[in-house]
Amino acid sequence: MPKLFKTTSANMSFVQKKNLYDEYKSAVKQGFIAGPAVSFNEFISTPNFDMMVDMKCLHCGYALRVNFSGYAHFMDTEGAAFPIDVCSHCGKLQFVPLDIYNKLID
Ligand SMILES: [Zn+2]
């Protein structure tokens with residue numbers, strides 16, 4: 001479990017899980033996640049697949065709750081202490097967990 005920031009379980013409905021699976025399949029197709037894609041049943045049995053993290057942009061302040069599983073993979077492969085992403089609002093690589101944001105912006 002990450003220590004520097006909080007994640008929350010989404011308690012998703014079936015439709016939300018299905019949407020998440022569609023996003024996952026498209027990410028595999030685009031090469032963001034290593035394939036081949038697992039089945040829907042395998043996907044929803046992945047530990048923490050429905051973990052969400054509140055993210056906020058250090059540059060523009062844009063905030064969004066996003067699925068954590070892709071970031072968990074990034075942190076594993078990169079040995080990163082927290083995820084950092086491109087902000088979908090301003091396009092800068094400054095999108096970090098809200099708890100990290102609060103530590104950095106005081
Ligand atoms: Zn931004």
# chains A, B, ... in the order shown; residues from 1 in each chain; ligands from 1

$ residues_near_ligand --ligand "ligand 1" --cutoff "9 Å" --atoms "only C-alpha atoms and all ligand atoms" --output "VMD selection string"
chain A and resid 56 to 63 86 to 95

$ write_last_selection --atoms "C-alpha atoms" --output "compact mmCIF listing (two decimals), in the first residue's frame"
# COMPACT_ATOMS: atom_id res chain seq x y z
CA LYS A 56 -4.45 17.42 -8.42
CA CYS A 57 -2.35 19.49 -10.81
CA LEU A 58 0.54 21.46 -9.27
CA HIS A 59 0.39 23.87 -12.19
CA CYS A 60 -3.28 24.75 -12.67
CA GLY A 61 -5.04 23.16 -9.69
CA TYR A 62 -7.26 20.88 -11.78
CA ALA A 63 -8.46 17.97 -9.62
CA VAL A 86 0.08 14.65 -17.50
CA CYS A 87 -2.73 17.00 -16.45
CA SER A 88 -5.67 16.62 -18.82
CA HIS A 89 -6.53 20.29 -18.26
CA CYS A 90 -3.22 22.14 -18.88
CA GLY A 91 -1.15 19.34 -20.46
CA LYS A 92 1.78 19.66 -18.02
CA LEU A 93 3.45 16.71 -16.28
CA GLN A 94 2.37 18.02 -12.87
CA PHE A 95 -0.61 15.82 -11.98

$ select_by_dssp --residues "region 3-85 of chain A" --states "strand (DSSP E or B)" --output "list of chain:residue names"
A:Thr8, A:Ser9, A:Met51, A:Met52, A:Val53, A:Asp54, A:Met55, A:Lys56, A:Cys57, A:Ala63, A:Leu64, A:Arg65, A:Val66, A:Asn67, A:Asp85

$ closest_residue --among "A:Ala80, A:Ser26, A:Pro97, A:Tyr21" --to "Ser45 (chain A)" --atoms "only C-alpha atoms"
A:Tyr21

$ atom_distance --atom1 "CA of Phe5 (chain A)" --atom2 "CA of Thr77 (chain A)"
18.4 Å

$ residues_around --residues "region 31-35 of chain A" --least-positions-apart "6" --cutoff "12 Å" --atoms "only C-alpha atoms" --output "MDAnalysis selection string"
chainID A and resid 23:25 69:74 77

$ write_last_selection --atoms "all heavy atoms" --output "compact mmCIF listing (two decimals), in the first residue's frame"
# COMPACT_ATOMS: atom_id res chain seq x y z
N GLU A 23 -11.86 0.78 -20.79
CA GLU A 23 -10.71 1.70 -20.76
C GLU A 23 -9.40 0.92 -20.74
O GLU A 23 -8.44 1.26 -21.41
CB GLU A 23 -10.76 2.59 -19.52
CG GLU A 23 -11.68 3.78 -19.65
CD GLU A 23 -11.77 4.54 -18.34
OE1 GLU A 23 -10.78 4.58 -17.58
OE2 GLU A 23 -12.87 5.08 -18.06
N TYR A 24 -9.41 -0.14 -19.92
CA TYR A 24 -8.22 -0.98 -19.79
C TYR A 24 -7.87 -1.61 -21.13
O TYR A 24 -6.72 -1.59 -21.57
CB TYR A 24 -8.47 -2.05 -18.72
CG TYR A 24 -7.58 -3.26 -18.81
CD1 TYR A 24 -6.26 -3.22 -18.35
CD2 TYR A 24 -8.06 -4.45 -19.36
CE1 TYR A 24 -5.45 -4.34 -18.45
CE2 TYR A 24 -7.26 -5.57 -19.46
CZ TYR A 24 -5.95 -5.52 -19.00
OH TYR A 24 -5.15 -6.61 -19.11
N LYS A 25 -8.90 -2.17 -21.81
CA LYS A 25 -8.66 -2.81 -23.10
C LYS A 25 -8.11 -1.82 -24.12
O LYS A 25 -7.22 -2.15 -24.90
CB LYS A 25 -9.97 -3.42 -23.64
CG LYS A 25 -10.20 -4.82 -23.12
CD LYS A 25 -11.21 -5.58 -23.97
CE LYS A 25 -12.54 -4.87 -24.03
NZ LYS A 25 -13.60 -5.67 -24.67
N SER A 69 -5.06 1.70 -10.52
CA SER A 69 -4.35 0.48 -10.93
C SER A 69 -3.26 0.75 -11.97
O SER A 69 -2.18 0.16 -11.88
CB SER A 69 -5.33 -0.59 -11.41
OG SER A 69 -6.15 -0.07 -12.43
N GLY A 70 -3.51 1.66 -12.92
CA GLY A 70 -2.49 1.99 -13.91
C GLY A 70 -1.28 2.63 -13.26
O GLY A 70 -0.14 2.36 -13.61
N TYR A 71 -1.54 3.49 -12.27
CA TYR A 71 -0.45 4.15 -11.54
C TYR A 71 0.34 3.15 -10.69
O TYR A 71 1.55 3.27 -10.56
CB TYR A 71 -1.00 5.25 -10.63
CG TYR A 71 -1.56 6.44 -11.36
CD1 TYR A 71 -2.61 7.16 -10.82
CD2 TYR A 71 -1.03 6.84 -12.58
CE1 TYR A 71 -3.12 8.27 -11.48
CE2 TYR A 71 -1.54 7.94 -13.25
CZ TYR A 71 -2.58 8.65 -12.69
OH TYR A 71 -3.08 9.74 -13.33
N ALA A 72 -0.39 2.18 -10.11
CA ALA A 72 0.28 1.16 -9.29
C ALA A 72 1.30 0.42 -10.14
O ALA A 72 2.43 0.15 -9.70
CB ALA A 72 -0.74 0.19 -8.71
N HIS A 73 0.92 0.13 -11.39
CA HIS A 73 1.83 -0.55 -12.32
C HIS A 73 3.04 0.34 -12.61
O HIS A 73 4.18 -0.12 -12.57
CB HIS A 73 1.07 -0.89 -13.61
CG HIS A 73 1.92 -1.58 -14.62
ND1 HIS A 73 2.32 -2.89 -14.46
CD2 HIS A 73 2.48 -1.14 -15.77
CE1 HIS A 73 3.09 -3.21 -15.49
NE2 HIS A 73 3.20 -2.17 -16.29
N PHE A 74 2.80 1.62 -12.85
CA PHE A 74 3.86 2.58 -13.11
C PHE A 74 4.83 2.65 -11.92
O PHE A 74 6.05 2.64 -12.08
CB PHE A 74 3.25 3.96 -13.39
CG PHE A 74 4.21 5.12 -13.25
CD1 PHE A 74 5.08 5.46 -14.29
CD2 PHE A 74 4.25 5.87 -12.08
CE1 PHE A 74 5.96 6.52 -14.15
CE2 PHE A 74 5.13 6.94 -11.94
CZ PHE A 74 5.99 7.26 -12.98
N THR A 77 7.00 -0.55 -11.75
CA THR A 77 8.04 -0.68 -12.77
C THR A 77 9.09 0.42 -12.62
O THR A 77 10.26 0.19 -12.89
CB THR A 77 7.46 -0.65 -14.20
OG1 THR A 77 6.63 0.50 -14.33
CG2 THR A 77 6.61 -1.88 -14.47

$ residues_around --residues "Asp22 (chain A)" --least-positions-apart "6" --cutoff "12 Å" --atoms "only C-alpha atoms" --output "PyMOL selection string"
chain A and resi 15-16+28-29+37-40+43-44

$ write_last_selection --atoms "all heavy atoms" --output "compact mmCIF listing (two decimals), in the first residue's frame"
# COMPACT_ATOMS: atom_id res chain seq x y z
N VAL A 15 -21.80 -1.69 -14.23
CA VAL A 15 -21.59 -0.82 -15.40
C VAL A 15 -20.26 -0.07 -15.28
O VAL A 15 -19.50 0.04 -16.24
CB VAL A 15 -22.77 0.17 -15.55
CG1 VAL A 15 -22.46 1.22 -16.62
CG2 VAL A 15 -24.04 -0.58 -15.91
N GLN A 16 -19.96 0.42 -14.08
CA GLN A 16 -18.68 1.12 -13.87
C GLN A 16 -17.50 0.18 -14.11
O GLN A 16 -16.49 0.57 -14.69
CB GLN A 16 -18.62 1.69 -12.46
CG GLN A 16 -19.52 2.92 -12.28
CD GLN A 16 -19.55 3.37 -10.83
OE1 GLN A 16 -19.78 2.56 -9.94
NE2 GLN A 16 -19.35 4.64 -10.60
N VAL A 28 -4.48 -1.14 -23.38
CA VAL A 28 -3.63 -2.23 -23.85
C VAL A 28 -3.42 -2.09 -25.36
O VAL A 28 -2.30 -2.21 -25.87
CB VAL A 28 -4.26 -3.61 -23.51
CG1 VAL A 28 -3.49 -4.74 -24.22
CG2 VAL A 28 -4.26 -3.84 -22.00
N LYS A 29 -4.52 -1.81 -26.07
CA LYS A 29 -4.45 -1.67 -27.52
C LYS A 29 -3.50 -0.54 -27.92
O LYS A 29 -2.75 -0.64 -28.88
CB LYS A 29 -5.86 -1.39 -28.06
CG LYS A 29 -6.01 -1.69 -29.55
CD LYS A 29 -7.43 -1.43 -30.03
CE LYS A 29 -8.34 -2.64 -29.88
NZ LYS A 29 -9.72 -2.36 -30.33
N ALA A 37 -4.39 -8.42 -23.22
CA ALA A 37 -5.42 -8.05 -22.25
C ALA A 37 -6.00 -9.30 -21.59
O ALA A 37 -6.20 -10.32 -22.24
CB ALA A 37 -6.53 -7.28 -22.95
N VAL A 38 -6.26 -9.22 -20.30
CA VAL A 38 -6.90 -10.33 -19.57
C VAL A 38 -8.41 -10.25 -19.79
O VAL A 38 -8.92 -9.23 -20.26
CB VAL A 38 -6.56 -10.29 -18.06
CG1 VAL A 38 -5.07 -10.41 -17.84
CG2 VAL A 38 -7.11 -9.04 -17.41
N SER A 39 -9.10 -11.33 -19.44
CA SER A 39 -10.56 -11.35 -19.58
C SER A 39 -11.20 -10.44 -18.53
O SER A 39 -10.56 -10.05 -17.56
CB SER A 39 -11.09 -12.77 -19.41
OG SER A 39 -11.00 -13.13 -18.05
N PHE A 40 -12.48 -10.12 -18.75
CA PHE A 40 -13.21 -9.27 -17.81
C PHE A 40 -13.18 -9.86 -16.40
O PHE A 40 -12.92 -9.14 -15.42
CB PHE A 40 -14.65 -9.07 -18.29
CG PHE A 40 -15.49 -8.24 -17.35
CD1 PHE A 40 -15.23 -6.88 -17.19
CD2 PHE A 40 -16.52 -8.82 -16.62
CE1 PHE A 40 -15.99 -6.11 -16.32
CE2 PHE A 40 -17.29 -8.05 -15.75
CZ PHE A 40 -17.02 -6.69 -15.60
N PHE A 43 -9.85 -9.49 -14.92
CA PHE A 43 -9.62 -8.07 -14.65
C PHE A 43 -10.24 -7.65 -13.32
O PHE A 43 -9.59 -7.02 -12.50
CB PHE A 43 -10.19 -7.23 -15.80
CG PHE A 43 -10.04 -5.75 -15.60
CD1 PHE A 43 -8.80 -5.14 -15.70
CD2 PHE A 43 -11.14 -4.97 -15.30
CE1 PHE A 43 -8.66 -3.77 -15.51
CE2 PHE A 43 -11.01 -3.60 -15.11
CZ PHE A 43 -9.76 -3.00 -15.21
N ILE A 44 -11.53 -8.04 -13.11
CA ILE A 44 -12.19 -7.60 -11.87
C ILE A 44 -11.72 -8.40 -10.65
O ILE A 44 -12.06 -8.04 -9.53
CB ILE A 44 -13.73 -7.61 -11.98
CG1 ILE A 44 -14.26 -9.02 -12.27
CG2 ILE A 44 -14.22 -6.61 -13.01
CD1 ILE A 44 -15.76 -9.13 -12.10

$ select_by_dssp --residues "region 2-74 of chain A" --states "helix (DSSP H, G or I)" --output "list in words"
Phe14, Val15, Gln16, Lys17, Lys18, Asn19, Leu20, Tyr21, Asp22, Glu23, Tyr24, Lys25, Ser26, Ala27, Val28, Lys29, Phe40, Asn41, Glu42, Phe43, Ile44, Ser45, Ser69, Gly70, Tyr71, Ala72, His73 and Phe74 of chain A
